[in-house]
>>> print(open('data_39.txt').read())   # compact mmCIF, N, CA and C atoms
# COMPACT_ATOMS: atom_id res chain seq x y z
N MET O 104 22.10 66.85 -13.87
CA MET O 104 20.98 65.96 -14.02
C MET O 104 20.71 65.27 -12.70
N SER O 105 19.48 65.31 -12.24
CA SER O 105 19.16 64.68 -10.97
C SER O 105 18.59 63.29 -11.20
N LEU O 106 18.81 62.43 -10.23
CA LEU O 106 18.31 61.06 -10.31
C LEU O 106 16.85 61.04 -9.88
N PRO O 107 16.07 60.09 -10.42
CA PRO O 107 14.68 59.99 -10.00
C PRO O 107 14.61 59.68 -8.51
N MET O 108 13.60 60.25 -7.84
CA MET O 108 13.43 60.02 -6.40
C MET O 108 12.34 58.99 -6.17
N SER O 109 12.51 58.21 -5.12
CA SER O 109 11.45 57.28 -4.72
C SER O 109 10.32 58.07 -4.09
N SER O 110 9.18 57.43 -3.90
CA SER O 110 8.05 58.14 -3.27
C SER O 110 8.40 58.55 -1.85
N GLY O 111 9.20 57.74 -1.14
CA GLY O 111 9.63 58.10 0.20
C GLY O 111 10.53 59.32 0.21
N GLU O 112 11.45 59.39 -0.76
CA GLU O 112 12.34 60.55 -0.87
C GLU O 112 11.56 61.81 -1.21
N LYS O 113 10.56 61.67 -2.09
CA LYS O 113 9.72 62.82 -2.44
C LYS O 113 8.95 63.31 -1.22
N ALA O 114 8.41 62.37 -0.44
CA ALA O 114 7.65 62.74 0.76
C ALA O 114 8.55 63.44 1.78
N GLU O 115 9.78 62.94 1.94
CA GLU O 115 10.72 63.56 2.89
C GLU O 115 11.07 64.97 2.43
N ARG O 116 11.33 65.13 1.16
CA ARG O 116 11.68 66.44 0.61
C ARG O 116 10.52 67.43 0.77
N LEU O 117 9.31 66.98 0.47
CA LEU O 117 8.13 67.83 0.63
C LEU O 117 7.95 68.24 2.09
N THR O 118 8.15 67.29 3.00
CA THR O 118 8.01 67.57 4.43
C THR O 118 9.01 68.62 4.87
N ARG O 119 10.25 68.50 4.43
CA ARG O 119 11.28 69.48 4.80
C ARG O 119 10.93 70.87 4.27
N ILE O 120 10.50 70.93 3.02
CA ILE O 120 10.14 72.22 2.42
C ILE O 120 8.95 72.82 3.16
N TRP O 121 7.94 72.01 3.45
CA TRP O 121 6.75 72.49 4.17
C TRP O 121 7.16 73.02 5.55
N CYS O 122 8.01 72.29 6.26
CA CYS O 122 8.43 72.72 7.61
C CYS O 122 9.15 74.06 7.56
N ILE O 123 10.00 74.25 6.56
CA ILE O 123 10.73 75.51 6.43
C ILE O 123 9.75 76.65 6.14
N LYS O 124 8.83 76.43 5.22
CA LYS O 124 7.85 77.47 4.89
C LYS O 124 7.00 77.82 6.10
N GLU O 125 6.54 76.80 6.81
CA GLU O 125 5.70 77.03 7.98
C GLU O 125 6.48 77.75 9.09
N ALA O 126 7.73 77.37 9.29
CA ALA O 126 8.55 78.03 10.31
C ALA O 126 8.76 79.51 9.95
N TYR O 127 8.94 79.81 8.67
CA TYR O 127 9.14 81.20 8.27
C TYR O 127 7.89 82.04 8.55
N VAL O 128 6.72 81.55 8.14
CA VAL O 128 5.51 82.36 8.34
C VAL O 128 5.18 82.52 9.82
N LYS O 129 5.58 81.55 10.63
CA LYS O 129 5.41 81.70 12.08
C LYS O 129 6.40 82.73 12.61
N ALA O 130 7.62 82.72 12.09
CA ALA O 130 8.64 83.66 12.55
C ALA O 130 8.26 85.11 12.26
N ILE O 131 7.55 85.33 11.17
CA ILE O 131 7.12 86.69 10.83
C ILE O 131 5.72 86.99 11.36
N ALA O 132 5.17 86.04 12.15
CA ALA O 132 3.86 86.19 12.79
C ALA O 132 2.72 86.40 11.79
N GLU O 133 2.78 85.67 10.69
CA GLU O 133 1.75 85.79 9.66
C GLU O 133 0.87 84.55 9.55
N GLY O 134 1.42 83.38 9.67
CA GLY O 134 0.66 82.16 9.45
C GLY O 134 0.56 81.84 7.97
N VAL O 135 -0.07 80.71 7.66
CA VAL O 135 -0.11 80.25 6.27
C VAL O 135 -0.91 81.16 5.35
N GLY O 136 -1.70 82.05 5.91
CA GLY O 136 -2.42 83.03 5.09
C GLY O 136 -1.48 83.98 4.36
N PHE O 137 -0.22 84.01 4.77
CA PHE O 137 0.80 84.83 4.11
C PHE O 137 0.94 84.44 2.65
N GLY O 138 0.75 83.15 2.37
CA GLY O 138 0.89 82.65 1.00
C GLY O 138 2.16 81.84 0.84
N LEU O 139 2.07 80.55 1.10
CA LEU O 139 3.25 79.69 1.03
C LEU O 139 3.88 79.66 -0.36
N GLN O 140 3.10 79.95 -1.39
CA GLN O 140 3.63 79.96 -2.75
C GLN O 140 4.61 81.10 -2.95
N ARG O 141 4.62 82.07 -2.05
CA ARG O 141 5.56 83.20 -2.13
C ARG O 141 6.96 82.81 -1.67
N ILE O 142 7.07 81.64 -1.01
CA ILE O 142 8.34 81.21 -0.42
C ILE O 142 8.93 80.11 -1.28
N ASP O 143 10.16 80.32 -1.72
CA ASP O 143 10.88 79.35 -2.55
C ASP O 143 12.03 78.76 -1.74
N VAL O 144 11.97 77.45 -1.50
CA VAL O 144 12.98 76.76 -0.71
C VAL O 144 13.82 75.89 -1.64
N THR O 145 15.13 75.97 -1.50
CA THR O 145 16.04 75.13 -2.27
C THR O 145 16.81 74.25 -1.30
N LEU O 146 16.72 72.93 -1.52
CA LEU O 146 17.46 71.97 -0.71
C LEU O 146 18.58 71.39 -1.56
N SER O 147 19.65 70.99 -0.90
CA SER O 147 20.74 70.32 -1.61
C SER O 147 21.27 69.20 -0.74
N ASP O 148 22.01 68.29 -1.34
CA ASP O 148 22.60 67.18 -0.61
C ASP O 148 23.96 67.61 -0.08
N ASN O 149 24.27 67.17 1.16
CA ASN O 149 25.58 67.50 1.72
C ASN O 149 26.56 66.34 1.62
N GLY O 150 26.19 65.29 0.90
CA GLY O 150 27.08 64.16 0.71
C GLY O 150 26.80 62.99 1.62
N ASP O 151 26.08 63.22 2.70
CA ASP O 151 25.73 62.15 3.63
C ASP O 151 24.31 61.66 3.41
N ASP O 152 23.78 61.88 2.24
CA ASP O 152 22.40 61.55 1.93
C ASP O 152 21.43 62.33 2.80
N LYS O 153 21.85 63.50 3.24
CA LYS O 153 21.01 64.38 4.05
C LYS O 153 20.74 65.64 3.25
N LYS O 154 19.52 66.11 3.31
CA LYS O 154 19.17 67.34 2.61
C LYS O 154 19.42 68.52 3.53
N ILE O 155 20.07 69.53 3.01
CA ILE O 155 20.31 70.74 3.77
C ILE O 155 19.67 71.91 3.05
N VAL O 156 19.49 73.00 3.76
CA VAL O 156 18.87 74.19 3.18
C VAL O 156 19.92 74.95 2.39
N ALA O 157 19.72 75.05 1.10
CA ALA O 157 20.65 75.79 0.24
C ALA O 157 20.24 77.25 0.12
N GLY O 158 18.95 77.51 0.27
CA GLY O 158 18.48 78.89 0.16
C GLY O 158 16.99 79.01 0.35
N VAL O 159 16.57 80.17 0.82
CA VAL O 159 15.15 80.48 0.97
C VAL O 159 14.94 81.88 0.43
N LYS O 160 13.98 82.00 -0.47
CA LYS O 160 13.63 83.30 -1.04
C LYS O 160 12.15 83.57 -0.80
N VAL O 161 11.84 84.81 -0.51
CA VAL O 161 10.45 85.24 -0.37
C VAL O 161 10.23 86.35 -1.39
N ASP O 162 9.25 86.15 -2.23
CA ASP O 162 8.98 87.09 -3.32
C ASP O 162 10.24 87.36 -4.13
N GLY O 163 11.06 86.31 -4.31
CA GLY O 163 12.27 86.40 -5.11
C GLY O 163 13.49 86.96 -4.40
N LYS O 164 13.35 87.36 -3.13
CA LYS O 164 14.46 87.96 -2.40
C LYS O 164 15.00 86.97 -1.37
N ASP O 165 16.33 86.80 -1.37
CA ASP O 165 17.00 85.90 -0.42
C ASP O 165 16.86 86.44 0.99
N ILE O 166 16.21 85.67 1.89
CA ILE O 166 15.98 86.15 3.25
C ILE O 166 17.28 86.22 4.05
N GLY O 167 18.29 85.45 3.65
CA GLY O 167 19.58 85.49 4.33
C GLY O 167 20.25 86.85 4.23
N LYS O 168 19.97 87.59 3.17
CA LYS O 168 20.56 88.92 3.00
C LYS O 168 19.95 89.94 3.95
N ASP O 169 18.79 89.58 4.54
CA ASP O 169 18.14 90.45 5.52
C ASP O 169 18.41 89.98 6.95
N GLY O 170 19.36 89.05 7.11
CA GLY O 170 19.74 88.61 8.45
C GLY O 170 19.00 87.40 8.98
N TRP O 171 18.19 86.75 8.16
CA TRP O 171 17.46 85.57 8.60
C TRP O 171 18.34 84.32 8.47
N THR O 172 18.22 83.41 9.43
CA THR O 172 18.90 82.13 9.34
C THR O 172 17.86 81.03 9.36
N VAL O 173 18.16 79.95 8.65
CA VAL O 173 17.27 78.80 8.58
C VAL O 173 18.08 77.56 8.95
N ASP O 174 17.64 76.89 9.99
CA ASP O 174 18.30 75.66 10.44
C ASP O 174 17.29 74.53 10.36
N LEU O 175 17.77 73.36 9.97
CA LEU O 175 16.90 72.20 9.80
C LEU O 175 17.67 70.97 10.26
N GLY O 176 16.98 70.06 10.91
CA GLY O 176 17.63 68.84 11.35
C GLY O 176 16.63 67.71 11.51
N VAL O 177 17.15 66.54 11.80
CA VAL O 177 16.32 65.36 11.97
C VAL O 177 16.64 64.73 13.32
N LEU O 178 15.60 64.43 14.08
CA LEU O 178 15.76 63.76 15.37
C LEU O 178 15.82 62.25 15.16
N GLU O 179 16.08 61.53 16.22
CA GLU O 179 16.28 60.08 16.14
C GLU O 179 15.18 59.32 15.40
N GLN O 180 13.94 59.59 15.71
CA GLN O 180 12.85 58.83 15.10
C GLN O 180 12.44 59.37 13.73
N GLY O 181 13.25 60.23 13.16
CA GLY O 181 12.95 60.76 11.84
C GLY O 181 12.13 62.03 11.85
N TYR O 182 11.83 62.56 13.04
CA TYR O 182 11.10 63.81 13.13
C TYR O 182 12.00 64.96 12.66
N ILE O 183 11.40 65.89 11.94
CA ILE O 183 12.15 67.02 11.41
C ILE O 183 11.90 68.25 12.26
N TRP O 184 12.96 69.00 12.56
CA TRP O 184 12.80 70.28 13.24
C TRP O 184 13.35 71.37 12.33
N THR O 185 12.75 72.53 12.43
CA THR O 185 13.19 73.68 11.66
C THR O 185 13.13 74.92 12.54
N CYS O 186 14.13 75.75 12.42
CA CYS O 186 14.14 77.02 13.15
C CYS O 186 14.50 78.13 12.17
N VAL O 187 13.63 79.11 12.08
CA VAL O 187 13.89 80.29 11.25
C VAL O 187 13.95 81.47 12.21
N SER O 188 15.07 82.20 12.18
CA SER O 188 15.21 83.32 13.11
C SER O 188 15.91 84.48 12.43
N GLU O 189 15.61 85.65 12.94
CA GLU O 189 16.22 86.86 12.41
C GLU O 189 17.40 87.22 13.31
N SER O 190 18.50 86.50 13.12
CA SER O 190 19.66 86.66 13.98
C SER O 190 20.87 86.05 13.30
N SER O 191 22.02 86.53 13.69
CA SER O 191 23.24 85.94 13.16
C SER O 191 23.70 84.78 14.03
N GLU O 192 23.09 84.63 15.21
CA GLU O 192 23.46 83.54 16.11
C GLU O 192 22.64 82.31 15.78
N ILE O 193 23.33 81.19 15.62
CA ILE O 193 22.64 79.94 15.35
C ILE O 193 22.54 79.18 16.67
N ALA O 194 21.32 78.91 17.07
CA ALA O 194 21.10 78.20 18.32
C ALA O 194 21.25 76.70 18.10
N THR O 195 21.77 76.03 19.11
CA THR O 195 21.86 74.58 19.07
C THR O 195 20.64 74.03 19.77
N PRO O 196 19.82 73.26 19.07
CA PRO O 196 18.60 72.75 19.71
C PRO O 196 18.93 71.75 20.81
N LYS O 197 18.10 71.74 21.82
CA LYS O 197 18.26 70.79 22.92
C LYS O 197 17.09 69.82 22.86
N ILE O 198 17.39 68.56 22.85
CA ILE O 198 16.34 67.55 22.81
C ILE O 198 15.89 67.28 24.24
N VAL O 199 14.60 67.50 24.47
CA VAL O 199 14.02 67.28 25.78
C VAL O 199 13.04 66.12 25.67
N PRO O 200 13.21 65.09 26.52
CA PRO O 200 12.28 63.96 26.47
C PRO O 200 10.85 64.42 26.76
N TYR O 201 9.91 63.83 26.05
CA TYR O 201 8.50 64.19 26.18
C TYR O 201 8.04 64.10 27.63
N GLN O 202 8.45 63.05 28.33
CA GLN O 202 8.03 62.87 29.72
C GLN O 202 8.49 64.03 30.59
N GLN O 203 9.65 64.58 30.31
CA GLN O 203 10.15 65.72 31.08
C GLN O 203 9.25 66.94 30.87
N ILE O 204 8.76 67.12 29.67
CA ILE O 204 7.83 68.23 29.40
C ILE O 204 6.54 68.04 30.18
N ILE O 205 6.02 66.82 30.17
CA ILE O 205 4.79 66.51 30.91
C ILE O 205 5.01 66.75 32.40
N ASP O 206 6.13 66.33 32.95
CA ASP O 206 6.43 66.50 34.37
C ASP O 206 6.44 67.98 34.75
N VAL O 207 7.03 68.81 33.88
CA VAL O 207 7.09 70.25 34.16
C VAL O 207 5.69 70.86 34.10
N MET O 208 4.87 70.42 33.17
CA MET O 208 3.53 70.98 33.01
C MET O 208 2.62 70.62 34.19
N GLN O 209 2.91 69.55 34.90
CA GLN O 209 2.07 69.09 36.00
C GLN O 209 2.40 69.78 37.32
N LEU O 210 3.40 70.64 37.31
CA LEU O 210 3.78 71.34 38.56
C LEU O 210 2.71 72.26 39.03
>>> encode(input="data_39.txt", output="structure tokens")
Amino acid sequence: MSLPMSSGEKAERLTRIWCIKEAYVKAIAEGVGFGLQRIDVTLSDNGDDKKIVAGVKVDGKDIGKDGWTVDLGVLEQGYIWTCVSESSEIATPKIVPYQQIIDVMQL
């Protein structure tokens, strides 16, 4: 039995699910026209009040069985990042300050 969620918790959960779905359709080079309703995302709690990806299915098939990995995290200001890749290697994201990106673009 799950506990009722606050509106903030519902919004956070929806955002995480949306980010995962969007990352997947970008990874397969399809875009949202692929049909986000075809993607089923399951989140679970890891005990630290953080939601983790428990599973992702497309058309009922677990994408992990085809070699896809899904990583999700939260940055300091609450921004969510998601990476979906067809690889067994899990990349560690590097946080780059926005100003550093701007400096590189101005070269």
>>> atom_distance(input="data_39.txt", atom1="CA of Gly163 in chain O", atom2="atom N of Thr185 in chain O")
22.4 Å
>>> select_by_dssp(input="data_39.txt", residues="chain O", states="strand (DSSP E or B)", output="MDAnalysis selection string")
chainID O and resid 142:148 154:161 164:165 171:177 183:189
>>> atom_distance(input="data_39.txt", atom1="CA of Ser188 in chain O", atom2="atom N of Leu175 in chain O")
10.8 Å
>>> atom_distance(input="data_39.txt", atom1="CA of Pro200 in chain O", atom2="CA of Gly111 in chain O")
27.0 Å
>>> select_by_dssp(input="data_39.txt", residues="chain O", states="helix (DSSP H, G or I)", output="ChimeraX atom specification")
/O:110-130,135-137,139-141,166-169,201-208
